[in-house]
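Text of query.txt (compact mmCIF, C-alpha atoms) as supplied:
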```txt
# COMPACT_ATOMS: atom_id res chain seq x y z
CA MET S 283 0.00 0.00 0.00
CA THR S 284 1.52 3.29 -1.04
CA SER S 285 -1.49 5.56 -0.68
CA LYS S 286 -1.42 8.89 1.06
CA GLY S 287 -0.70 8.79 4.75
CA PHE S 288 0.80 5.29 4.79
CA THR S 289 4.58 5.06 4.72
CA MET S 290 6.91 2.22 5.69
CA GLY S 291 9.80 3.90 7.44
CA ARG S 292 11.00 2.25 10.63
CA LEU S 293 12.15 -1.34 10.82
CA LEU S 294 11.23 -3.44 13.80
CA SER S 295 13.72 -2.96 16.62
CA ALA S 296 12.00 -4.44 19.70
CA ALA S 297 13.35 -7.96 19.14
CA ALA S 298 14.96 -9.97 16.37
CA ALA S 299 12.46 -12.67 17.25
CA LEU S 300 9.88 -10.83 15.18
CA ALA S 301 11.47 -12.38 12.09
CA VAL S 302 8.50 -14.71 12.40
CA PHE S 303 6.77 -12.94 9.54
CA SER S 304 9.49 -13.66 7.01
CA ALA S 305 10.34 -17.10 8.32
CA LEU S 306 6.76 -18.31 8.05
CA ALA S 307 5.62 -16.39 4.97
CA ALA S 308 3.63 -18.69 2.70
CA PRO S 309 0.58 -18.28 0.44
CA VAL S 310 -2.58 -18.87 2.43
CA GLN S 311 -5.39 -20.63 0.64
CA ALA S 312 -8.51 -22.18 2.11
CA GLN S 313 -8.35 -25.97 1.79
CA GLN S 314 -10.87 -28.10 3.63
CA ALA S 315 -8.17 -29.81 5.68
CA ALA S 316 -7.66 -30.87 9.27
CA PRO S 317 -4.81 -32.27 11.33
CA ALA S 318 -6.66 -35.56 11.71
CA GLN S 319 -6.48 -36.30 8.00
CA ALA S 320 -3.86 -38.47 6.31
CA ALA S 321 -0.25 -37.40 6.69
CA ALA S 322 0.77 -34.59 4.37
CA THR S 323 4.15 -34.05 2.76
CA ARG S 324 6.67 -32.87 5.36
CA SER S 325 6.14 -29.16 5.55
CA ASN S 326 9.17 -27.40 7.03
CA CYS S 327 6.90 -25.71 9.56
CA VAL S 328 9.61 -23.87 11.47
CA ALA S 329 9.18 -20.92 13.81
CA PRO S 330 12.03 -18.46 14.48
CA ASP S 331 14.65 -19.11 17.13
CA ASN S 332 14.03 -16.70 20.01
CA SER S 333 16.51 -18.32 22.40
CA GLN S 334 19.11 -15.61 21.83
CA SER S 335 16.71 -12.74 22.55
CA GLY S 336 17.92 -12.46 26.14
CA ARG S 337 14.39 -13.04 27.43
CA MET S 338 13.12 -15.80 29.69
CA GLN S 339 11.85 -18.53 27.37
CA TRP S 340 8.26 -19.68 27.51
CA PHE S 341 7.05 -23.24 27.02
CA LEU S 342 7.94 -24.58 23.53
CA GLY S 343 9.65 -21.26 22.81
CA LEU S 344 6.25 -19.57 22.51
CA GLY S 345 6.15 -15.87 23.26
CA PRO S 346 4.43 -12.51 22.76
CA GLN S 347 6.18 -12.05 19.41
CA ASP S 348 4.42 -15.08 17.86
CA ASN S 349 1.58 -14.83 15.40
CA LEU S 350 -0.83 -17.67 14.55
CA LEU S 351 1.60 -19.38 12.19
CA ALA S 352 4.50 -19.35 14.64
CA ALA S 353 2.29 -20.66 17.46
CA TRP S 354 1.06 -23.48 15.20
CA CYS S 355 4.59 -24.49 14.22
CA ARG S 356 5.78 -24.49 17.82
CA ILE S 357 2.80 -26.58 18.94
CA GLN S 358 3.69 -29.19 16.33
CA THR S 359 6.90 -30.02 18.19
CA LEU S 360 4.78 -31.86 20.77
CA PRO S 361 5.24 -35.65 20.52
CA GLY S 362 2.73 -38.47 20.35
CA ASN S 363 -0.98 -38.72 19.70
CA VAL S 364 -2.87 -35.66 20.88
CA ARG S 365 -6.23 -33.97 20.68
CA PHE S 366 -5.95 -30.51 19.12
CA ASN S 367 -8.76 -28.05 19.81
CA MET S 368 -9.55 -24.58 18.48
CA LEU S 369 -11.77 -22.40 20.68
CA PHE S 370 -13.39 -19.03 20.04
CA PRO S 371 -13.95 -18.06 23.71
CA THR S 372 -16.24 -15.05 23.13
CA THR S 373 -18.63 -17.00 20.93
CA VAL S 374 -18.08 -20.24 22.89
CA ALA S 375 -17.54 -22.35 19.80
CA ASP S 376 -14.84 -24.99 19.49
CA ARG S 377 -13.80 -27.97 17.38
CA SER S 378 -11.37 -30.81 18.06
CA TRP S 379 -9.20 -33.08 15.95
CA ASP S 380 -7.29 -36.20 16.97
CA THR S 381 -3.87 -36.12 15.38
CA ASN S 382 -0.14 -36.76 15.59
CA PHE S 383 1.98 -33.78 14.55
CA GLN S 384 5.05 -35.96 13.90
CA GLY S 385 7.44 -33.07 14.44
CA GLY S 386 5.73 -30.56 12.18
CA LYS S 387 4.25 -32.37 9.19
CA TYR S 388 1.59 -29.74 8.57
CA PRO S 389 2.60 -26.53 6.75
CA PRO S 390 2.19 -23.11 8.38
CA GLN S 391 -0.87 -22.19 6.35
CA ARG S 392 -2.74 -25.30 7.50
CA ILE S 393 -3.84 -23.56 10.69
CA VAL S 394 -5.43 -20.81 8.59
CA ASP S 395 -7.20 -23.53 6.60
CA LEU S 396 -8.63 -24.85 9.85
CA VAL S 397 -9.94 -21.42 10.83
CA GLN S 398 -11.53 -21.12 7.39
CA GLU S 399 -13.05 -24.56 7.74
CA VAL S 400 -15.02 -23.61 10.85
CA VAL S 401 -15.87 -19.98 10.02
CA PRO S 402 -18.58 -19.89 7.31
CA ALA S 403 -17.66 -18.24 4.02
CA GLN S 404 -21.06 -18.82 2.44
CA ASP S 405 -24.69 -19.33 3.37
CA GLY S 406 -25.45 -22.13 5.80
CA PRO S 407 -26.63 -22.88 9.34
CA VAL S 408 -25.52 -20.73 12.24
CA VAL S 409 -24.46 -23.85 14.16
CA ASP S 410 -22.48 -26.86 12.96
CA ASP S 411 -23.51 -30.52 13.24
CA LYS S 412 -22.42 -30.53 16.89
CA GLY S 413 -24.41 -27.42 17.77
CA LYS S 414 -21.39 -25.09 17.89
CA PRO S 415 -22.30 -21.53 16.82
CA PHE S 416 -19.42 -20.86 14.41
CA GLY S 417 -21.70 -18.68 12.31
CA ARG S 418 -21.88 -16.26 15.22
CA VAL S 419 -18.10 -15.81 15.27
CA LEU S 420 -18.61 -13.35 12.42
CA ASN S 421 -20.60 -11.11 14.78
CA ASN S 422 -17.17 -9.99 15.96
CA VAL S 423 -15.97 -8.80 12.57
CA VAL S 424 -15.27 -5.08 12.62
CA GLN S 425 -14.17 -2.46 10.10
CA LEU S 426 -11.19 -0.30 11.01
CA ALA S 427 -13.29 2.81 10.39
CA ALA S 428 -15.48 1.82 13.35
CA ALA S 429 -14.88 3.81 16.53
CA ASN S 430 -14.13 0.71 18.62
CA ALA S 431 -13.64 -3.03 18.26
CA PRO S 432 -16.09 -5.44 19.97
CA ASP S 433 -13.81 -5.53 23.06
CA ASN S 434 -13.82 -1.68 23.13
CA SER S 435 -10.27 -1.39 21.77
CA GLN S 436 -9.88 1.92 19.98
CA LEU S 437 -10.02 1.89 16.17
CA GLY S 438 -11.50 5.04 14.59
CA PHE S 439 -9.50 5.09 11.34
CA ALA S 440 -10.19 8.18 9.23
CA SER S 441 -12.56 7.50 6.35
CA ASP S 442 -9.82 8.33 3.83
CA HIS S 443 -7.25 6.04 5.45
CA PRO S 444 -6.22 3.30 2.99
CA ALA S 445 -7.14 0.62 5.52
CA ALA S 446 -10.41 2.18 6.78
CA LYS S 447 -12.59 -0.39 5.01
CA ALA S 448 -10.52 -3.41 6.05
CA LEU S 449 -12.44 -6.08 7.98
CA VAL S 450 -10.85 -7.76 11.02
CA LEU S 451 -12.11 -10.71 13.05
CA TRP S 452 -11.84 -9.17 16.50
CA GLU S 453 -12.23 -12.21 18.72
CA PRO S 454 -9.48 -14.13 20.53
CA VAL S 455 -8.71 -17.72 19.63
CA VAL S 456 -7.35 -20.39 21.96
CA LEU S 457 -5.33 -23.33 20.63
CA ARG S 458 -5.53 -26.25 23.05
CA VAL S 459 -3.60 -29.52 23.04
CA LYS S 460 -3.79 -32.54 25.33
CA PRO S 461 -2.14 -34.53 26.69
CA VAL S 462 1.13 -32.73 27.36
CA VAL S 463 3.01 -34.89 29.85
CA LEU S 464 5.15 -33.07 32.43
CA GLY S 465 6.54 -34.65 35.58
CA GLY S 466 4.51 -37.79 34.93
CA GLN S 467 1.25 -35.81 34.82
CA GLU S 468 -0.97 -35.04 31.82
CA PHE S 469 -1.53 -31.33 31.24
CA VAL S 470 -3.64 -29.31 28.82
CA LEU S 471 -1.72 -26.67 26.87
CA LYS S 472 -3.65 -23.47 26.13
CA VAL S 473 -2.18 -20.86 23.78
CA VAL S 474 -4.27 -17.67 23.92
CA LEU S 475 -3.99 -15.38 20.89
CA LYS S 476 -5.69 -12.00 20.60
CA PRO S 477 -6.28 -9.67 17.64
CA ASN S 478 -3.58 -7.02 17.46
CA LEU S 479 -3.68 -3.80 15.47
CA GLY S 480 0.11 -3.45 15.47
CA LEU S 481 0.53 -6.90 13.96
CA LEU S 482 -1.98 -5.99 11.25
CA ALA S 483 -0.07 -2.77 10.57
CA MET S 484 3.20 -4.63 10.02
CA THR S 485 1.81 -7.44 7.89
CA MET S 486 -0.90 -5.79 5.78
CA PRO S 487 1.56 -4.51 3.13
CA TYR S 488 2.86 -8.07 2.60
CA PRO S 489 0.21 -10.44 1.18
CA LYS S 490 2.11 -13.59 2.15
CA GLN S 491 2.30 -12.47 5.77
CA ASP S 492 -1.14 -10.87 6.13
CA LEU S 493 -3.38 -13.74 7.28
CA ARG S 494 -6.91 -13.63 5.92
CA ILE S 495 -9.99 -15.79 5.60
CA HIS S 496 -13.37 -15.22 3.93
CA GLY S 497 -16.55 -14.69 5.90
CA PHE S 498 -20.22 -14.80 4.92
CA LYS S 499 -21.40 -11.19 4.92
CA ALA S 500 -24.93 -12.02 6.07
CA ARG S 501 -23.52 -13.30 9.37
CA MET S 502 -21.68 -10.02 10.03
CA PRO S 503 -23.23 -7.07 11.89
CA ILE S 504 -23.64 -4.95 8.76
CA GLY S 505 -26.80 -3.12 9.81
CA SER S 506 -30.22 -3.13 8.17
CA MET S 507 -31.13 -6.44 6.54
CA PHE S 508 -32.03 -4.46 3.43
CA GLY S 509 -28.68 -2.65 3.39
CA SER S 510 -30.20 0.82 3.72
CA THR S 511 -28.19 1.68 6.84
CA CYS S 512 -24.75 0.42 7.79
CA SER S 513 -23.97 -0.41 11.40
CA PRO S 514 -21.43 1.49 13.55
CA GLN S 515 -19.35 -1.73 13.62
CA ILE S 516 -19.16 -1.95 9.80
CA PRO S 517 -19.79 1.62 8.61
CA PHE S 518 -18.74 0.92 4.99
CA CYS S 519 -21.03 -2.03 4.30
CA LYS S 520 -22.43 -0.92 0.95
CA ASP S 521 -19.88 -2.42 -1.43
CA LEU S 522 -19.00 -5.60 0.44
CA PRO S 523 -19.20 -8.80 -1.62
CA ASP S 524 -21.13 -11.79 -0.27
CA SER S 525 -17.90 -13.36 1.00
CA PRO S 526 -15.40 -10.57 1.77
CA GLU S 527 -11.85 -11.04 3.02
CA VAL S 528 -11.39 -10.79 6.79
CA HIS S 529 -7.99 -10.25 8.44
CA ILE S 530 -6.99 -12.44 11.40
CA PRO S 531 -3.98 -10.67 13.00
CA TRP S 532 -3.73 -12.88 16.09
CA LEU S 533 -0.75 -12.53 18.44
CA VAL S 534 0.14 -14.77 21.40
CA ASP S 535 -1.00 -13.15 24.66
CA GLU S 536 -0.63 -15.94 27.22
CA VAL S 537 0.44 -19.58 27.47
CA ILE S 538 -1.07 -21.84 30.12
CA LEU S 539 -0.33 -25.40 31.24
CA GLU S 540 -3.09 -26.80 33.43
CA ALA S 541 -3.81 -30.14 35.11
CA ASP S 542 -6.75 -31.19 37.30
CA GLY S 543 -7.07 -34.39 39.29
CA GLU S 544 -6.37 -36.03 42.61
CA GLY S 545 -3.13 -37.00 44.28
CA MET S 546 -0.91 -34.87 42.03
CA THR S 547 1.53 -33.83 44.74
CA ALA S 548 4.47 -35.74 43.23
CA ALA S 549 3.79 -34.17 39.83
CA ALA S 550 3.54 -30.70 41.38
CA VAL S 551 6.91 -31.17 43.06
CA ASN S 552 8.46 -32.51 39.84
CA VAL S 553 7.22 -29.57 37.78
CA ALA S 554 8.25 -27.06 40.44
CA ASN S 555 11.73 -28.57 40.59
CA ALA S 556 12.01 -28.50 36.79
CA LEU S 557 11.06 -24.82 36.71
CA ALA S 558 13.51 -24.05 39.49
CA SER S 559 16.28 -25.81 37.58
CA SER S 560 15.51 -24.25 34.20
CA TYR S 561 15.02 -20.70 35.51
CA SER S 562 17.31 -20.65 38.54
CA ILE S 563 18.94 -17.37 37.48
CA PHE S 564 15.55 -15.66 37.75
CA MET S 565 14.77 -16.85 41.28
CA GLN S 566 15.05 -14.38 44.13
CA HIS S 567 16.09 -17.11 46.58
CA LYS S 568 18.36 -19.85 45.30
CA ASN S 569 17.07 -23.38 45.97
CA ASP S 570 14.09 -21.97 47.83
CA LEU S 571 10.73 -21.71 46.05
CA THR S 572 9.16 -19.13 48.33
CA GLY S 573 5.49 -19.83 48.95
CA PHE S 574 5.61 -23.44 47.73
CA ASP S 575 5.62 -26.45 50.09
CA ARG S 576 7.37 -29.40 48.45
CA ASN S 577 5.94 -31.79 51.06
CA THR S 578 2.29 -31.07 50.33
CA GLY S 579 2.73 -29.86 46.76
CA GLN S 580 0.69 -26.75 47.49
CA GLY S 581 1.48 -23.09 47.04
CA THR S 582 2.66 -20.61 44.48
CA PHE S 583 5.81 -18.96 43.24
CA ARG S 584 6.69 -16.45 40.59
CA LEU S 585 9.68 -16.17 38.26
CA THR S 586 10.47 -13.05 36.24
CA ASP S 587 13.26 -11.54 34.20
CA GLY S 588 11.54 -8.16 34.19
CA ALA S 589 10.13 -8.76 30.71
CA SER S 590 8.16 -11.98 31.23
CA VAL S 591 6.53 -13.72 34.18
CA ILE S 592 6.06 -17.42 34.94
CA GLU S 593 3.54 -18.10 37.69
CA PHE S 594 3.27 -21.57 39.23
CA THR S 595 0.20 -22.46 41.27
CA ALA S 596 -0.65 -25.74 43.01
CA LEU S 597 -3.96 -26.10 44.83
CA GLY S 598 -5.07 -28.87 47.13
CA GLY S 599 -5.49 -30.01 50.70
CA PRO S 600 -4.90 -32.96 53.00
CA SER S 601 -5.24 -35.44 50.13
CA GLY S 602 -2.63 -33.63 48.08
CA THR S 603 -2.51 -31.44 45.00
CA SER S 604 -5.70 -31.29 42.92
CA LYS S 605 -4.78 -28.55 40.44
CA ILE S 606 -1.53 -27.41 38.84
CA LYS S 607 -1.21 -24.32 36.68
CA VAL S 608 1.83 -22.79 35.00
CA ASP S 609 1.08 -19.42 33.43
CA TYR S 610 3.46 -17.60 31.04
CA LYS S 611 2.78 -13.97 30.20
CA GLU S 612 4.50 -10.68 29.54
CA ASN S 613 5.09 -7.92 32.07
CA ASN S 614 3.33 -4.67 31.26
CA SER S 615 6.24 -2.28 30.73
CA LYS S 616 7.40 0.40 28.35
CA PHE S 617 9.97 -2.04 26.94
CA SER S 618 7.53 -4.90 26.34
CA ILE S 619 6.82 -6.42 22.97
CA ALA S 620 3.13 -5.70 23.60
CA LYS S 621 3.99 -2.02 24.02
CA TYR S 622 5.91 -2.07 20.76
CA PHE S 623 2.94 -3.53 18.89
CA LYS S 624 0.61 -1.02 20.57
CA THR S 625 2.78 1.84 19.30
CA ALA S 626 2.89 0.30 15.83
CA GLY S 627 -0.92 0.15 15.81
CA GLU S 628 -1.19 3.77 16.89
CA ASP S 629 1.25 4.82 14.17
CA PHE S 630 -0.78 2.86 11.64
CA ARG S 631 -4.02 4.56 12.64
CA ALA S 632 -2.28 7.94 12.49
CA GLY S 633 -0.98 7.27 9.00
CA THR S 634 2.50 5.77 9.44
CA SER S 635 3.62 2.23 10.12
CA ARG S 636 6.59 0.05 10.94
CA ALA S 637 7.77 -2.40 8.34
CA ALA S 638 7.79 -6.15 8.87
CA PRO S 639 11.31 -7.57 9.04
CA GLN S 640 12.79 -8.86 5.80
CA THR S 641 15.23 -11.35 7.25
CA GLY S 642 15.89 -14.87 6.00
CA LYS S 643 14.42 -18.10 7.26
CA ALA S 644 15.16 -18.80 10.92
CA PRO S 645 16.94 -22.04 11.92
CA ASP S 646 14.98 -24.91 13.44
CA SER S 647 15.51 -24.87 17.21
CA LEU S 648 12.13 -26.18 18.32
CA ASN S 649 13.20 -29.65 19.43
CA ARG S 650 13.26 -28.81 23.13
CA LEU S 651 10.27 -28.55 25.43
```
Do you think you could lay out the structure here as structure tokens?
Amino acid sequence: MTSKGFTMGRLLSAAAALAVFSALAAPVQAQQAAPAQAAATRSNCVAPDNSQSGRMQWFLGLGPQDNLLAAWCRIQTLPGNVRFNMLFPTTVADRSWDTNFQGGKYPPQRIVDLVQEVVPAQDGPVVDDKGKPFGRVLNNVVQLAAANAPDNSQLGFASDHPAAKALVLWEPVVLRVKPVVLGGQEFVLKVVLKPNLGLLAMTMPYPKQDLRIHGFKARMPIGSMFGSTCSPQIPFCKDLPDSPEVHIPWLVDEVILEADGEGMTAAAVNVANALASSYSIFMQHKNDLTGFDRNTGQGTFRLTDGASVIEFTALGGPSGTSKIKVDYKENNSKFSIAKYFKTAGEDFRAGTSRAAPQTGKAPDSLNRL
């Protein structure tokens, strides 16, 4: 896009890890495909190596710099037979597939295919054959010219902005995988991704990096059913085709490992010890997990490098641990990656934007959990 008010001046400087866009760039086409189908040709689904970023590493190398493609490629490093689930938490619609990732056999764009498979691009029922309301997901499509997104995030692009008429699916998505075995205990992995205006700003000029699906217009909040009045959410509804393109600029916001059961004290101690060993340099008290009782497997502790936080929680009672949760998220600071993307989104709305990195393919370093 080279229209008035939209220039590509400043390269990304927050972290080299944001090479994700170049490393995973691939044409995205809707193919009715799912992980549970027959094995595809090995795909080279490789996310960038963030281990040299100087930041505390999250599970599987996931982090706040990862878009949908990077998250998908990192998830595929999980071994064994698993159940993969995609959840739209606002709409409360989800679908599961039984699969074996076999170290990354599915290409990066396959995850976009899966989103397209569940989100209707043409006329059909509001709910699927299992009663899941995927048709209602499109209620959360918004145009950038709207004052606010469905979660009240500020948009308000000027009507003459080149991106004012762009449609964005403004609902989080959660990628869930089970079982993930840690310390002898089965966990559920939850990767929470949220729509991000800064990510859209950096990828929109590059078709191979700008992730899009098609959505059935009649399921979107366009306004009057006769088209006489457009809604505040989609103010430029007049010229939309029946199945317009919808951007899905999802960025990792949080990573959660969670287990529920009885008698999990040994597992809680094993996981706590593993965290203490892996992140010992970030502990305030060496060899002492403050707030966590290794005998009962109950308590909490927190690890941080100033940029990210890992919170461990074990709940239980006399019979032992009944819930274990490990939560990875970013600190809210002026040096955070989230802050960088927020600034990029504000620049974009104002008429300038930061360019996506143009680095080469990142090496494969995803073979460690």
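In terms of minimum interatomic distance to Pro503 in chain S, S:Gln515 ranks closest within S:Gln404, S:Thr547, S:Ser333, S:Gln515, counting only C-alpha atoms.
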### Message
Using all atoms listed in the file for the distances, tell me which of S:Lys476, S:Arg501, S:Lys447, S:Lys460 is nearest to Cys519 in chain S.
### Response
S:Lys447
### Task
Quick one: everything within 8 Å of range 612-627 of chain S, counting only C-alpha atoms, minus sequence neighbours fewer than 4 positions away in the same chain. Send it as a list of chain:residue names.
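Those residues are S:Ala296, S:Ala297, S:Pro346, S:Gln347, S:Asn478, S:Leu479, S:Gly480, S:Leu481, S:Leu482, S:Ala483, S:Met484, S:Asp535, S:Glu536, S:Gly588, S:Ala589, S:Ser590, S:Val591, S:Arg631, S:Ser635, S:Arg636.
Between Gly599 in chain S and the residues S:Met546, S:Val553, S:Leu437, S:Ile504, the shortest atom-to-atom distance, using only C-alpha atoms, involves S:Met546.
Among the candidates S:Ala440, S:Val551, S:Asp524, S:Glu399, the residue lying nearest to Met368 in chain S is S:Glu399 (atoms considered: all atoms listed in the file).
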### Task
Considering all atoms listed in the file, return as a ChimeraX atom specification whatever protein or nucleic-acid residues lie within 10 Å of Leu426 in chain S, sequence-local ones (same chain, fewer than 3 positions apart) excluded.
/S:423,429-431,436-441,443,445-450,479,515-518,631
Would you write out those residues with C-alpha atoms, as an mmCIF file, in the coordinates of the input?
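Saved as out23.cif:
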```cif
data_model
loop_
_atom_site.group_PDB
_atom_site.id
_atom_site.type_symbol
_atom_site.label_atom_id
_atom_site.label_comp_id
_atom_site.auth_asym_id
_atom_site.auth_seq_id
_atom_site.Cartn_x
_atom_site.Cartn_y
_atom_site.Cartn_z
ATOM 1 C CA VAL S 423 -15.970 -8.800 12.570
ATOM 2 C CA ALA S 429 -14.880 3.810 16.530
ATOM 3 C CA ASN S 430 -14.130 0.710 18.620
ATOM 4 C CA ALA S 431 -13.640 -3.030 18.260
ATOM 5 C CA GLN S 436 -9.880 1.920 19.980
ATOM 6 C CA LEU S 437 -10.020 1.890 16.170
ATOM 7 C CA GLY S 438 -11.500 5.040 14.590
ATOM 8 C CA PHE S 439 -9.500 5.090 11.340
ATOM 9 C CA ALA S 440 -10.190 8.180 9.230
ATOM 10 C CA SER S 441 -12.560 7.500 6.350
ATOM 11 C CA HIS S 443 -7.250 6.040 5.450
ATOM 12 C CA ALA S 445 -7.140 0.620 5.520
ATOM 13 C CA ALA S 446 -10.410 2.180 6.780
ATOM 14 C CA LYS S 447 -12.590 -0.390 5.010
ATOM 15 C CA ALA S 448 -10.520 -3.410 6.050
ATOM 16 C CA LEU S 449 -12.440 -6.080 7.980
ATOM 17 C CA VAL S 450 -10.850 -7.760 11.020
ATOM 18 C CA LEU S 479 -3.680 -3.800 15.470
ATOM 19 C CA GLN S 515 -19.350 -1.730 13.620
ATOM 20 C CA ILE S 516 -19.160 -1.950 9.800
ATOM 21 C CA PRO S 517 -19.790 1.620 8.610
ATOM 22 C CA PHE S 518 -18.740 0.920 4.990
ATOM 23 C CA ARG S 631 -4.020 4.560 12.640
#
```
All residues 12 Å or closer to Val400 in chain S, only C-alpha atoms, same chain fewer than 2 positions away omitted, as a CSV table (one decimal) with C-alpha atoms, in the frame of the given file:
```
chain,number,residue,atom,x,y,z
S,312,ALA,CA,-8.5,-22.2,2.1
S,313,GLN,CA,-8.4,-26.0,1.8
S,314,GLN,CA,-10.9,-28.1,3.6
S,315,ALA,CA,-8.2,-29.8,5.7
S,316,ALA,CA,-7.7,-30.9,9.3
S,367,ASN,CA,-8.8,-28.0,19.8
S,368,MET,CA,-9.6,-24.6,18.5
S,369,LEU,CA,-11.8,-22.4,20.7
S,370,PHE,CA,-13.4,-19.0,20.0
S,375,ALA,CA,-17.5,-22.4,19.8
S,376,ASP,CA,-14.8,-25.0,19.5
S,377,ARG,CA,-13.8,-28.0,17.4
S,378,SER,CA,-11.4,-30.8,18.1
S,393,ILE,CA,-3.8,-23.6,10.7
S,394,VAL,CA,-5.4,-20.8,8.6
S,395,ASP,CA,-7.2,-23.5,6.6
S,396,LEU,CA,-8.6,-24.8,9.8
S,397,VAL,CA,-9.9,-21.4,10.8
S,398,GLN,CA,-11.5,-21.1,7.4
S,402,PRO,CA,-18.6,-19.9,7.3
S,403,ALA,CA,-17.7,-18.2,4.0
S,404,GLN,CA,-21.1,-18.8,2.4
S,406,GLY,CA,-25.4,-22.1,5.8
S,407,PRO,CA,-26.6,-22.9,9.3
S,408,VAL,CA,-25.5,-20.7,12.2
S,409,VAL,CA,-24.5,-23.8,14.2
S,410,ASP,CA,-22.5,-26.9,13.0
S,411,ASP,CA,-23.5,-30.5,13.2
S,412,LYS,CA,-22.4,-30.5,16.9
S,414,LYS,CA,-21.4,-25.1,17.9
S,415,PRO,CA,-22.3,-21.5,16.8
S,416,PHE,CA,-19.4,-20.9,14.4
S,417,GLY,CA,-21.7,-18.7,12.3
S,418,ARG,CA,-21.9,-16.3,15.2
S,419,VAL,CA,-18.1,-15.8,15.3
S,420,LEU,CA,-18.6,-13.4,12.4
S,495,ILE,CA,-10.0,-15.8,5.6
S,496,HIS,CA,-13.4,-15.2,3.9
S,497,GLY,CA,-16.6,-14.7,5.9
S,498,PHE,CA,-20.2,-14.8,4.9
```
### Pairwise distance for CA of Val456 in chain S and CA of Pro371 in chain S, rounded to one decimal in Å
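Taking CA of Val456 in chain S as the start and CA of Pro371 in chain S as the end point, the length is 7.2 Å.
Of the listed residues S:Gln425, S:Thr485, S:Asn332, S:Thr578, the one whose atoms come nearest to Gly345 in chain S is S:Asn332, with distances taken using only C-alpha atoms.
Here CA of Gly581 in chain S is placed at a distance of 5.3 Å from CA of Ala596 in chain S.
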#### Entry: Selected residue, from S:Ile563, S:Ala558, S:Cys512, S:Ala548, that lies nearest to Asn577 in chain S when counting all atoms listed in the file
S:Ala548
### Message
Between CA of Thr373 in chain S and CA of Tyr610 in chain S, what distance in Å does the model show, to one decimal?
### Response
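Distance reported for this atom pair: 24.3 Å.
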### Task
Find the residues near Leu475 in chain S: any atom within 7 Å, counting only C-alpha atoms, skip ones fewer than 2 places away on the same chain, and give them as a PyMOL selection string.
chain S and resi 454-456+473+477+532-535
Please produce a file of those selected residues containing C-alpha atoms, as a short mmCIF file (atom, residue, chain, number, x, y, z; two decimals), in the coordinates of the input.
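What landed in part.cif:
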```cif
data_model
loop_
_atom_site.label_atom_id
_atom_site.label_comp_id
_atom_site.auth_asym_id
_atom_site.auth_seq_id
_atom_site.Cartn_x
_atom_site.Cartn_y
_atom_site.Cartn_z
CA PRO S 454 -9.48 -14.13 20.53
CA VAL S 455 -8.71 -17.72 19.63
CA VAL S 456 -7.35 -20.39 21.96
CA VAL S 473 -2.18 -20.86 23.78
CA PRO S 477 -6.28 -9.67 17.64
CA TRP S 532 -3.73 -12.88 16.09
CA LEU S 533 -0.75 -12.53 18.44
CA VAL S 534 0.14 -14.77 21.40
CA ASP S 535 -1.00 -13.15 24.66
#
```
### Task
Might you pull out every residue within 8 Å of Asp609 in chain S, with all atoms listed in the file counted and same-chain residues fewer than 6 positions away left off, and present them as a PyMOL selection string?
chain S and resi 536-539+591-594
